[in-house]
file work.cif (mmCIF, N, CA, C and O atoms)
data_input
loop_
_atom_site.label_atom_id
_atom_site.label_comp_id
_atom_site.auth_asym_id
_atom_site.auth_seq_id
_atom_site.Cartn_x
_atom_site.Cartn_y
_atom_site.Cartn_z
N MET L 285 -17.92 3.34 19.03
CA MET L 285 -16.95 4.39 19.21
C MET L 285 -16.94 5.28 17.97
O MET L 285 -17.04 4.80 16.85
N THR L 286 -16.84 6.54 18.15
CA THR L 286 -16.78 7.48 17.04
C THR L 286 -15.49 8.27 17.10
O THR L 286 -14.83 8.33 18.14
N ALA L 287 -15.15 8.87 15.99
CA ALA L 287 -13.94 9.70 15.90
C ALA L 287 -14.25 10.87 14.99
O ALA L 287 -15.17 10.83 14.19
N SER L 288 -13.48 11.90 15.15
CA SER L 288 -13.60 13.07 14.29
C SER L 288 -12.45 13.07 13.30
O SER L 288 -11.33 12.70 13.64
N ILE L 289 -12.75 13.50 12.08
CA ILE L 289 -11.70 13.68 11.09
C ILE L 289 -11.82 15.09 10.55
O ILE L 289 -12.92 15.65 10.48
N LYS L 290 -10.72 15.66 10.19
CA LYS L 290 -10.73 17.03 9.68
C LYS L 290 -10.70 17.01 8.16
O LYS L 290 -9.78 16.47 7.56
N VAL L 291 -11.75 17.55 7.58
CA VAL L 291 -11.83 17.71 6.13
C VAL L 291 -12.37 19.11 5.88
O VAL L 291 -12.98 19.73 6.75
N SER L 292 -12.18 19.59 4.67
CA SER L 292 -12.72 20.90 4.34
C SER L 292 -14.24 20.84 4.35
O SER L 292 -14.85 19.78 4.17
N ALA L 293 -14.86 21.98 4.55
CA ALA L 293 -16.33 22.04 4.53
C ALA L 293 -16.85 21.61 3.16
O ALA L 293 -17.88 20.94 3.06
N GLU L 294 -16.12 21.95 2.12
CA GLU L 294 -16.53 21.57 0.76
C GLU L 294 -16.55 20.05 0.60
O GLU L 294 -17.50 19.48 0.06
N LEU L 295 -15.50 19.39 1.08
CA LEU L 295 -15.45 17.93 0.99
C LEU L 295 -16.52 17.29 1.86
O LEU L 295 -17.19 16.35 1.44
N ARG L 296 -16.70 17.81 3.06
CA ARG L 296 -17.75 17.28 3.95
C ARG L 296 -19.11 17.36 3.27
O ARG L 296 -19.86 16.39 3.26
N ASP L 297 -19.42 18.52 2.68
CA ASP L 297 -20.71 18.69 2.02
C ASP L 297 -20.85 17.75 0.82
O ASP L 297 -21.93 17.19 0.59
N ARG L 298 -19.78 17.59 0.10
CA ARG L 298 -19.80 16.68 -1.05
C ARG L 298 -20.07 15.24 -0.61
O ARG L 298 -20.89 14.53 -1.21
N LEU L 299 -19.39 14.80 0.44
CA LEU L 299 -19.59 13.45 0.95
C LEU L 299 -21.01 13.27 1.49
O LEU L 299 -21.63 12.22 1.28
N LYS L 300 -21.51 14.27 2.21
CA LYS L 300 -22.87 14.18 2.73
C LYS L 300 -23.89 14.10 1.60
O LYS L 300 -24.87 13.35 1.68
N GLU L 301 -23.67 14.86 0.53
CA GLU L 301 -24.57 14.82 -0.62
C GLU L 301 -24.55 13.44 -1.28
O GLU L 301 -25.59 12.89 -1.62
N GLN L 302 -23.36 12.89 -1.44
CA GLN L 302 -23.24 11.54 -2.01
C GLN L 302 -23.95 10.52 -1.13
O GLN L 302 -24.66 9.63 -1.63
N ALA L 303 -23.73 10.61 0.17
CA ALA L 303 -24.36 9.68 1.10
C ALA L 303 -25.88 9.76 1.02
O ALA L 303 -26.57 8.75 0.93
N ALA L 304 -26.40 10.97 1.03
CA ALA L 304 -27.85 11.16 0.97
C ALA L 304 -28.42 10.62 -0.35
O ALA L 304 -29.47 9.98 -0.36
N ARG L 305 -27.71 10.88 -1.43
CA ARG L 305 -28.15 10.40 -2.74
C ARG L 305 -28.30 8.89 -2.76
O ARG L 305 -29.22 8.34 -3.36
N ASP L 306 -27.41 8.20 -2.05
CA ASP L 306 -27.42 6.74 -2.03
C ASP L 306 -28.16 6.17 -0.82
O ASP L 306 -28.14 4.97 -0.59
N GLY L 307 -28.79 7.05 -0.03
CA GLY L 307 -29.57 6.59 1.13
C GLY L 307 -28.72 6.04 2.26
O GLY L 307 -29.16 5.14 2.98
N ARG L 308 -27.53 6.57 2.41
CA ARG L 308 -26.62 6.10 3.47
C ARG L 308 -26.34 7.22 4.46
O ARG L 308 -26.44 8.39 4.13
N THR L 309 -25.94 6.81 5.64
CA THR L 309 -25.40 7.79 6.57
C THR L 309 -23.99 8.15 6.09
O THR L 309 -23.40 7.43 5.26
N LEU L 310 -23.46 9.24 6.61
CA LEU L 310 -22.12 9.62 6.22
C LEU L 310 -21.12 8.53 6.62
O LEU L 310 -20.23 8.18 5.83
N GLY L 311 -21.29 7.96 7.79
CA GLY L 311 -20.39 6.89 8.24
C GLY L 311 -20.47 5.67 7.33
O GLY L 311 -19.45 5.09 6.96
N ALA L 312 -21.69 5.28 6.94
CA ALA L 312 -21.85 4.14 6.04
C ALA L 312 -21.25 4.45 4.67
O ALA L 312 -20.67 3.57 4.02
N HIS L 313 -21.40 5.69 4.23
CA HIS L 313 -20.82 6.08 2.93
C HIS L 313 -19.30 6.02 2.98
O HIS L 313 -18.66 5.51 2.04
N LEU L 314 -18.70 6.49 4.05
CA LEU L 314 -17.25 6.42 4.18
C LEU L 314 -16.77 4.98 4.23
O LEU L 314 -15.74 4.63 3.61
N ALA L 315 -17.52 4.10 4.90
CA ALA L 315 -17.18 2.68 4.93
C ALA L 315 -17.27 2.09 3.51
O ALA L 315 -16.40 1.31 3.10
N HIS L 316 -18.30 2.48 2.77
CA HIS L 316 -18.47 2.02 1.38
C HIS L 316 -17.28 2.47 0.53
O HIS L 316 -16.73 1.69 -0.26
N LEU L 317 -16.86 3.72 0.68
CA LEU L 317 -15.71 4.22 -0.07
C LEU L 317 -14.43 3.47 0.31
O LEU L 317 -13.61 3.14 -0.57
N ALA L 318 -14.24 3.19 1.60
CA ALA L 318 -13.06 2.45 2.05
C ALA L 318 -13.07 1.03 1.49
O ALA L 318 -12.04 0.52 1.04
N ASP L 319 -14.24 0.38 1.49
CA ASP L 319 -14.36 -0.96 0.93
C ASP L 319 -14.04 -0.96 -0.57
O ASP L 319 -13.35 -1.85 -1.07
N ALA L 320 -14.54 0.05 -1.28
CA ALA L 320 -14.28 0.15 -2.72
C ALA L 320 -12.80 0.34 -2.98
O ALA L 320 -12.24 -0.24 -3.93
N GLU L 321 -12.13 1.12 -2.17
CA GLU L 321 -10.69 1.33 -2.34
C GLU L 321 -9.92 0.06 -2.05
O GLU L 321 -8.97 -0.28 -2.76
N ASP L 322 -10.32 -0.68 -1.00
CA ASP L 322 -9.67 -1.95 -0.71
C ASP L 322 -9.82 -2.92 -1.89
O ASP L 322 -8.87 -3.60 -2.27
N ARG L 323 -11.00 -2.96 -2.47
CA ARG L 323 -11.25 -3.83 -3.63
C ARG L 323 -10.40 -3.39 -4.82
O ARG L 323 -9.78 -4.22 -5.51
N ARG L 324 -10.34 -2.09 -5.10
CA ARG L 324 -9.54 -1.58 -6.20
C ARG L 324 -8.07 -1.96 -6.02
O ARG L 324 -7.40 -2.40 -6.96
N TRP L 325 -7.59 -1.85 -4.81
CA TRP L 325 -6.20 -2.17 -4.50
C TRP L 325 -5.93 -3.66 -4.71
O TRP L 325 -4.92 -4.04 -5.32
N ARG L 326 -6.84 -4.54 -4.22
CA ARG L 326 -6.66 -5.99 -4.41
C ARG L 326 -6.68 -6.36 -5.88
O ARG L 326 -5.88 -7.18 -6.34
N LEU L 327 -7.59 -5.75 -6.65
CA LEU L 327 -7.65 -6.03 -8.08
C LEU L 327 -6.40 -5.56 -8.80
O LEU L 327 -5.92 -6.19 -9.75
N GLN L 328 -5.82 -4.44 -8.37
CA GLN L 328 -4.57 -3.96 -8.96
C GLN L 328 -3.44 -4.93 -8.67
O GLN L 328 -2.61 -5.20 -9.55
N LEU L 329 -3.39 -5.47 -7.45
CA LEU L 329 -2.37 -6.47 -7.12
C LEU L 329 -2.55 -7.71 -7.99
O LEU L 329 -1.56 -8.28 -8.49
N LEU L 330 -3.78 -8.14 -8.18
CA LEU L 330 -4.06 -9.30 -9.03
C LEU L 330 -3.63 -9.03 -10.46
O LEU L 330 -2.98 -9.87 -11.10
N LYS L 331 -3.96 -7.85 -10.98
CA LYS L 331 -3.57 -7.50 -12.34
C LYS L 331 -2.06 -7.50 -12.48
O LYS L 331 -1.52 -8.02 -13.47
N SER L 332 -1.36 -6.97 -11.50
CA SER L 332 0.10 -6.97 -11.54
C SER L 332 0.66 -8.39 -11.54
O SER L 332 1.61 -8.70 -12.26
N ALA L 333 0.06 -9.26 -10.73
CA ALA L 333 0.51 -10.65 -10.68
C ALA L 333 0.25 -11.35 -12.01
O ALA L 333 1.09 -12.12 -12.49
N ILE L 334 -0.91 -11.09 -12.60
CA ILE L 334 -1.22 -11.70 -13.90
C ILE L 334 -0.25 -11.20 -14.96
O ILE L 334 0.28 -11.98 -15.76
N ASP L 335 0.01 -9.90 -14.97
CA ASP L 335 0.95 -9.33 -15.94
C ASP L 335 2.35 -9.90 -15.79
O ASP L 335 3.09 -10.01 -16.77
N ALA L 336 2.73 -10.25 -14.56
CA ALA L 336 4.07 -10.78 -14.30
C ALA L 336 4.16 -12.29 -14.57
O ALA L 336 5.26 -12.85 -14.56
N SER L 337 3.04 -12.94 -14.84
CA SER L 337 3.03 -14.38 -15.09
C SER L 337 3.67 -14.69 -16.43
O SER L 337 3.52 -13.96 -17.40
N SER L 338 4.34 -15.82 -16.47
CA SER L 338 4.93 -16.26 -17.74
C SER L 338 3.84 -16.80 -18.66
O SER L 338 2.73 -17.14 -18.21
N SER L 339 4.15 -16.90 -19.93
CA SER L 339 3.20 -17.47 -20.89
C SER L 339 2.85 -18.90 -20.53
O SER L 339 1.71 -19.33 -20.66
N ALA L 340 3.84 -19.65 -20.05
CA ALA L 340 3.61 -21.04 -19.66
C ALA L 340 2.63 -21.12 -18.49
O ALA L 340 1.71 -21.95 -18.49
N ASP L 341 2.82 -20.25 -17.50
CA ASP L 341 1.91 -20.24 -16.36
C ASP L 341 0.50 -19.85 -16.78
O ASP L 341 -0.48 -20.43 -16.32
N ALA L 342 0.39 -18.86 -17.66
CA ALA L 342 -0.93 -18.42 -18.13
C ALA L 342 -1.61 -19.55 -18.89
O ALA L 342 -2.82 -19.79 -18.73
N GLY L 343 -0.87 -20.26 -19.72
CA GLY L 343 -1.44 -21.38 -20.47
C GLY L 343 -1.87 -22.50 -19.55
O GLY L 343 -2.94 -23.10 -19.74
N SER L 344 -1.06 -22.78 -18.55
CA SER L 344 -1.40 -23.82 -17.58
C SER L 344 -2.67 -23.45 -16.81
O SER L 344 -3.55 -24.30 -16.59
N HIS L 345 -2.76 -22.19 -16.41
CA HIS L 345 -3.95 -21.73 -15.69
C HIS L 345 -5.19 -21.85 -16.56
O HIS L 345 -6.24 -22.31 -16.11
N SER L 346 -5.07 -21.47 -17.81
CA SER L 346 -6.20 -21.54 -18.73
C SER L 346 -6.66 -22.98 -18.93
O SER L 346 -7.86 -23.28 -18.90
N ALA L 347 -5.71 -23.88 -19.09
CA ALA L 347 -6.05 -25.30 -19.28
C ALA L 347 -6.72 -25.87 -18.03
O ALA L 347 -7.74 -26.57 -18.12
N GLU L 348 -6.18 -25.55 -16.86
CA GLU L 348 -6.75 -26.07 -15.62
C GLU L 348 -8.14 -25.49 -15.39
O GLU L 348 -9.06 -26.20 -14.96
N THR L 349 -8.32 -24.20 -15.69
CA THR L 349 -9.63 -23.58 -15.54
C THR L 349 -10.65 -24.27 -16.43
O THR L 349 -11.78 -24.56 -16.01
N GLY L 350 -10.26 -24.55 -17.67
CA GLY L 350 -11.15 -25.26 -18.59
C GLY L 350 -11.53 -26.63 -18.07
O GLY L 350 -12.69 -27.03 -18.15
N ASP L 351 -10.55 -27.34 -17.50
CA ASP L 351 -10.84 -28.66 -16.92
C ASP L 351 -11.87 -28.55 -15.80
O ASP L 351 -12.81 -29.34 -15.71
N TRP L 352 -11.68 -27.59 -14.91
CA TRP L 352 -12.61 -27.41 -13.79
C TRP L 352 -14.00 -27.01 -14.28
O TRP L 352 -15.01 -27.50 -13.76
N GLU L 353 -14.07 -26.15 -15.27
CA GLU L 353 -15.37 -25.74 -15.78
C GLU L 353 -16.12 -26.91 -16.42
O GLU L 353 -17.32 -27.06 -16.23
N ARG L 354 -15.42 -27.74 -17.14
CA ARG L 354 -16.06 -28.91 -17.74
C ARG L 354 -16.50 -29.89 -16.66
O ARG L 354 -17.56 -30.49 -16.75
N THR L 355 -15.70 -30.05 -15.61
CA THR L 355 -16.06 -30.94 -14.51
C THR L 355 -17.33 -30.47 -13.83
O THR L 355 -18.24 -31.25 -13.57
N GLU L 356 -17.42 -29.17 -13.56
CA GLU L 356 -18.62 -28.62 -12.91
C GLU L 356 -19.85 -28.82 -13.77
O GLU L 356 -20.92 -29.17 -13.27
N LEU L 357 -19.74 -28.63 -15.08
CA LEU L 357 -20.88 -28.82 -15.96
C LEU L 357 -21.29 -30.29 -16.02
O LEU L 357 -22.47 -30.61 -16.05
N THR L 358 -20.32 -31.20 -16.01
CA THR L 358 -20.63 -32.63 -16.03
C THR L 358 -21.32 -33.03 -14.73
O THR L 358 -22.29 -33.78 -14.74
N ASP L 359 -20.83 -32.53 -13.60
CA ASP L 359 -21.43 -32.84 -12.30
C ASP L 359 -22.85 -32.32 -12.17
O ASP L 359 -23.67 -32.89 -11.47
N ALA L 360 -23.15 -31.23 -12.86
CA ALA L 360 -24.47 -30.61 -12.73
C ALA L 360 -25.54 -31.38 -13.49
O ALA L 360 -26.72 -31.25 -13.21
N SER L 361 -25.15 -32.20 -14.47
CA SER L 361 -26.18 -32.90 -15.25
C SER L 361 -26.54 -34.25 -14.68
O SER L 361 -26.10 -34.75 -13.78
#

call {"tool": "encode", "arguments": {"input": "work.cif", "output": "structure tokens"}}
result
Amino acid sequence: MTASIKVSAELRDRLKEQAARDGRTLGAHLAHLADAEDRRWRLQLLKSAIDASSSADAGSHSAETGDWERTELTDAS
């Protein structure tokens, strides 16, 4: 299924140029841009959650991460 969206001719040309530069169709390029925005948004939520964490929670996370990393290295040998 396809749909039409209204954008200025300037924006359309800019998007088409970007798509061609990266070897994508315009539709694939728009999907790539939407995926990148979704990722940026998720990372911003993560950053906000990390910033809101208490020092105790951050320390606990760091200690647990270290334990898991050492476990993985021990299991690999």

call {"tool": "select_by_dssp", "arguments": {"input": "work.cif", "residues": "chain L", "states": "alpha helix (DSSP H)", "output": "JSON, numbers by chain"}}
result
{"L": [293, 294, 295, 296, 297, 298, 299, 300, 301, 302, 303, 304, 305, 310, 311, 312, 313, 314, 315, 316, 317, 318, 319, 320, 321, 322, 323, 324, 325, 326, 327, 328, 329, 330, 331, 332, 333, 334, 335, 336, 339, 340, 341, 342, 343, 344, 345, 346, 347, 348, 349, 350, 351, 352, 353, 354, 355, 356, 357, 358, 359, 360]}

call {"tool": "atom_distance", "arguments": {"input": "work.cif", "atom1": "atom CA of Trp325 of chain L", "atom2": "atom N of Ser292 of chain L"}}
result
24.4 Å

call {"tool": "axis_aligned_box", "arguments": {"input": "work.cif", "around": "segment 315-329 of chain L", "padding_each_side": "4 Å", "output": "lines of an AutoDock Vina configuration file"}}
result
center_x = -10.0
center_y = -2.0
center_z = -2.4
size_x = 24.9
size_y = 20.5
size_z = 22.7

call {"tool": "atom_distance", "arguments": {"input": "work.cif", "atom1": "atom N of Arg326 of chain L", "atom2": "atom C of Ala293 of chain L"}}
result
29.0 Å

call {"tool": "atom_distance", "arguments": {"input": "work.cif", "atom1": "atom O of Ala318 of chain L", "atom2": "atom O of Lys331 of chain L"}}
result
19.9 Å

call {"tool": "resolve_selection", "arguments": {"input": "work.cif", "expression": "the PyMOL selection byres (((chain L and resi 313 and name CA) around 12) and name CA)", "output": "list of chain:residue names"}}
result
L:Arg296, L:Arg298, L:Leu299, L:Lys300, L:Glu301, L:Gln302, L:Ala303, L:Ala304, L:Arg305, L:Asp306, L:Gly307, L:Arg308, L:Thr309, L:Leu310, L:Gly311, L:Ala312, L:Leu314, L:Ala315, L:His316, L:Leu317, L:Ala318, L:Asp319, L:Ala320

call {"tool": "build_atoms", "arguments": {"input": "work.cif", "residues": "segment 307-318 of chain L", "atoms": "all heavy atoms", "output": "PDB file, in the frame of the given file"}}
result
ATOM      1  N   GLY L 307     -28.790   7.050  -0.030  1.00  0.00           N
ATOM      2  CA  GLY L 307     -29.570   6.590   1.130  1.00  0.00           C
ATOM      3  C   GLY L 307     -28.720   6.040   2.260  1.00  0.00           C
ATOM      4  O   GLY L 307     -29.160   5.140   2.980  1.00  0.00           O
ATOM      5  N   ARG L 308     -27.530   6.570   2.410  1.00  0.00           N
ATOM      6  CA  ARG L 308     -26.620   6.100   3.470  1.00  0.00           C
ATOM      7  C   ARG L 308     -26.340   7.220   4.460  1.00  0.00           C
ATOM      8  O   ARG L 308     -26.440   8.390   4.130  1.00  0.00           O
ATOM      9  CB  ARG L 308     -25.269   5.687   2.873  1.00  0.00           C
ATOM     10  CG  ARG L 308     -25.290   4.516   1.963  1.00  0.00           C
ATOM     11  CD  ARG L 308     -23.834   4.149   1.586  1.00  0.00           C
ATOM     12  NE  ARG L 308     -23.821   3.053   0.666  1.00  0.00           N
ATOM     13  CZ  ARG L 308     -23.505   3.160  -0.625  1.00  0.00           C
ATOM     14  NH1 ARG L 308     -23.159   4.326  -1.128  1.00  0.00           N
ATOM     15  NH2 ARG L 308     -23.519   2.110  -1.399  1.00  0.00           N
ATOM     16  N   THR L 309     -25.940   6.810   5.640  1.00  0.00           N
ATOM     17  CA  THR L 309     -25.400   7.790   6.570  1.00  0.00           C
ATOM     18  C   THR L 309     -23.990   8.150   6.090  1.00  0.00           C
ATOM     19  O   THR L 309     -23.400   7.430   5.260  1.00  0.00           O
ATOM     20  CB  THR L 309     -25.296   7.211   7.993  1.00  0.00           C
ATOM     21  OG1 THR L 309     -24.340   6.132   7.975  1.00  0.00           O
ATOM     22  CG2 THR L 309     -26.643   6.723   8.511  1.00  0.00           C
ATOM     23  N   LEU L 310     -23.460   9.240   6.610  1.00  0.00           N
ATOM     24  CA  LEU L 310     -22.120   9.620   6.220  1.00  0.00           C
ATOM     25  C   LEU L 310     -21.120   8.530   6.620  1.00  0.00           C
ATOM     26  O   LEU L 310     -20.230   8.180   5.830  1.00  0.00           O
ATOM     27  CB  LEU L 310     -21.736  10.969   6.850  1.00  0.00           C
ATOM     28  CG  LEU L 310     -20.366  11.518   6.485  1.00  0.00           C
ATOM     29  CD1 LEU L 310     -20.177  11.605   4.969  1.00  0.00           C
ATOM     30  CD2 LEU L 310     -20.171  12.887   7.119  1.00  0.00           C
ATOM     31  N   GLY L 311     -21.290   7.960   7.790  1.00  0.00           N
ATOM     32  CA  GLY L 311     -20.390   6.890   8.240  1.00  0.00           C
ATOM     33  C   GLY L 311     -20.470   5.670   7.330  1.00  0.00           C
ATOM     34  O   GLY L 311     -19.450   5.090   6.960  1.00  0.00           O
ATOM     35  N   ALA L 312     -21.690   5.280   6.940  1.00  0.00           N
ATOM     36  CA  ALA L 312     -21.850   4.140   6.040  1.00  0.00           C
ATOM     37  C   ALA L 312     -21.250   4.450   4.670  1.00  0.00           C
ATOM     38  O   ALA L 312     -20.670   3.570   4.020  1.00  0.00           O
ATOM     39  CB  ALA L 312     -23.325   3.785   5.913  1.00  0.00           C
ATOM     40  N   HIS L 313     -21.400   5.690   4.230  1.00  0.00           N
ATOM     41  CA  HIS L 313     -20.820   6.080   2.930  1.00  0.00           C
ATOM     42  C   HIS L 313     -19.300   6.020   2.980  1.00  0.00           C
ATOM     43  O   HIS L 313     -18.660   5.510   2.040  1.00  0.00           O
ATOM     44  CB  HIS L 313     -21.299   7.480   2.536  1.00  0.00           C
ATOM     45  CG  HIS L 313     -20.840   7.914   1.192  1.00  0.00           C
ATOM     46  ND1 HIS L 313     -21.142   7.239   0.031  1.00  0.00           N
ATOM     47  CD2 HIS L 313     -20.068   8.961   0.801  1.00  0.00           C
ATOM     48  CE1 HIS L 313     -20.590   7.855  -1.005  1.00  0.00           C
ATOM     49  NE2 HIS L 313     -19.939   8.903  -0.556  1.00  0.00           N
ATOM     50  N   LEU L 314     -18.700   6.490   4.050  1.00  0.00           N
ATOM     51  CA  LEU L 314     -17.250   6.420   4.180  1.00  0.00           C
ATOM     52  C   LEU L 314     -16.770   4.980   4.230  1.00  0.00           C
ATOM     53  O   LEU L 314     -15.740   4.630   3.610  1.00  0.00           O
ATOM     54  CB  LEU L 314     -16.779   7.189   5.421  1.00  0.00           C
ATOM     55  CG  LEU L 314     -16.942   8.708   5.343  1.00  0.00           C
ATOM     56  CD1 LEU L 314     -16.653   9.345   6.703  1.00  0.00           C
ATOM     57  CD2 LEU L 314     -16.059   9.300   4.267  1.00  0.00           C
ATOM     58  N   ALA L 315     -17.520   4.100   4.900  1.00  0.00           N
ATOM     59  CA  ALA L 315     -17.180   2.680   4.930  1.00  0.00           C
ATOM     60  C   ALA L 315     -17.270   2.090   3.510  1.00  0.00           C
ATOM     61  O   ALA L 315     -16.400   1.310   3.100  1.00  0.00           O
ATOM     62  CB  ALA L 315     -18.096   1.921   5.884  1.00  0.00           C
ATOM     63  N   HIS L 316     -18.300   2.480   2.770  1.00  0.00           N
ATOM     64  CA  HIS L 316     -18.470   2.020   1.380  1.00  0.00           C
ATOM     65  C   HIS L 316     -17.280   2.470   0.530  1.00  0.00           C
ATOM     66  O   HIS L 316     -16.730   1.690  -0.260  1.00  0.00           O
ATOM     67  CB  HIS L 316     -19.782   2.574   0.826  1.00  0.00           C
ATOM     68  CG  HIS L 316     -19.989   2.308  -0.628  1.00  0.00           C
ATOM     69  ND1 HIS L 316     -20.386   1.084  -1.106  1.00  0.00           N
ATOM     70  CD2 HIS L 316     -19.830   3.111  -1.710  1.00  0.00           C
ATOM     71  CE1 HIS L 316     -20.469   1.143  -2.432  1.00  0.00           C
ATOM     72  NE2 HIS L 316     -20.139   2.362  -2.812  1.00  0.00           N
ATOM     73  N   LEU L 317     -16.860   3.720   0.680  1.00  0.00           N
ATOM     74  CA  LEU L 317     -15.710   4.220  -0.070  1.00  0.00           C
ATOM     75  C   LEU L 317     -14.430   3.470   0.310  1.00  0.00           C
ATOM     76  O   LEU L 317     -13.610   3.140  -0.570  1.00  0.00           O
ATOM     77  CB  LEU L 317     -15.532   5.719   0.169  1.00  0.00           C
ATOM     78  CG  LEU L 317     -16.640   6.620  -0.390  1.00  0.00           C
ATOM     79  CD1 LEU L 317     -16.410   8.061   0.050  1.00  0.00           C
ATOM     80  CD2 LEU L 317     -16.715   6.517  -1.899  1.00  0.00           C
ATOM     81  N   ALA L 318     -14.240   3.190   1.600  1.00  0.00           N
ATOM     82  CA  ALA L 318     -13.060   2.450   2.050  1.00  0.00           C
ATOM     83  C   ALA L 318     -13.070   1.030   1.490  1.00  0.00           C
ATOM     84  O   ALA L 318     -12.040   0.520   1.040  1.00  0.00           O
ATOM     85  CB  ALA L 318     -12.993   2.439   3.577  1.00  0.00           C
TER      86      ALA L 318
END
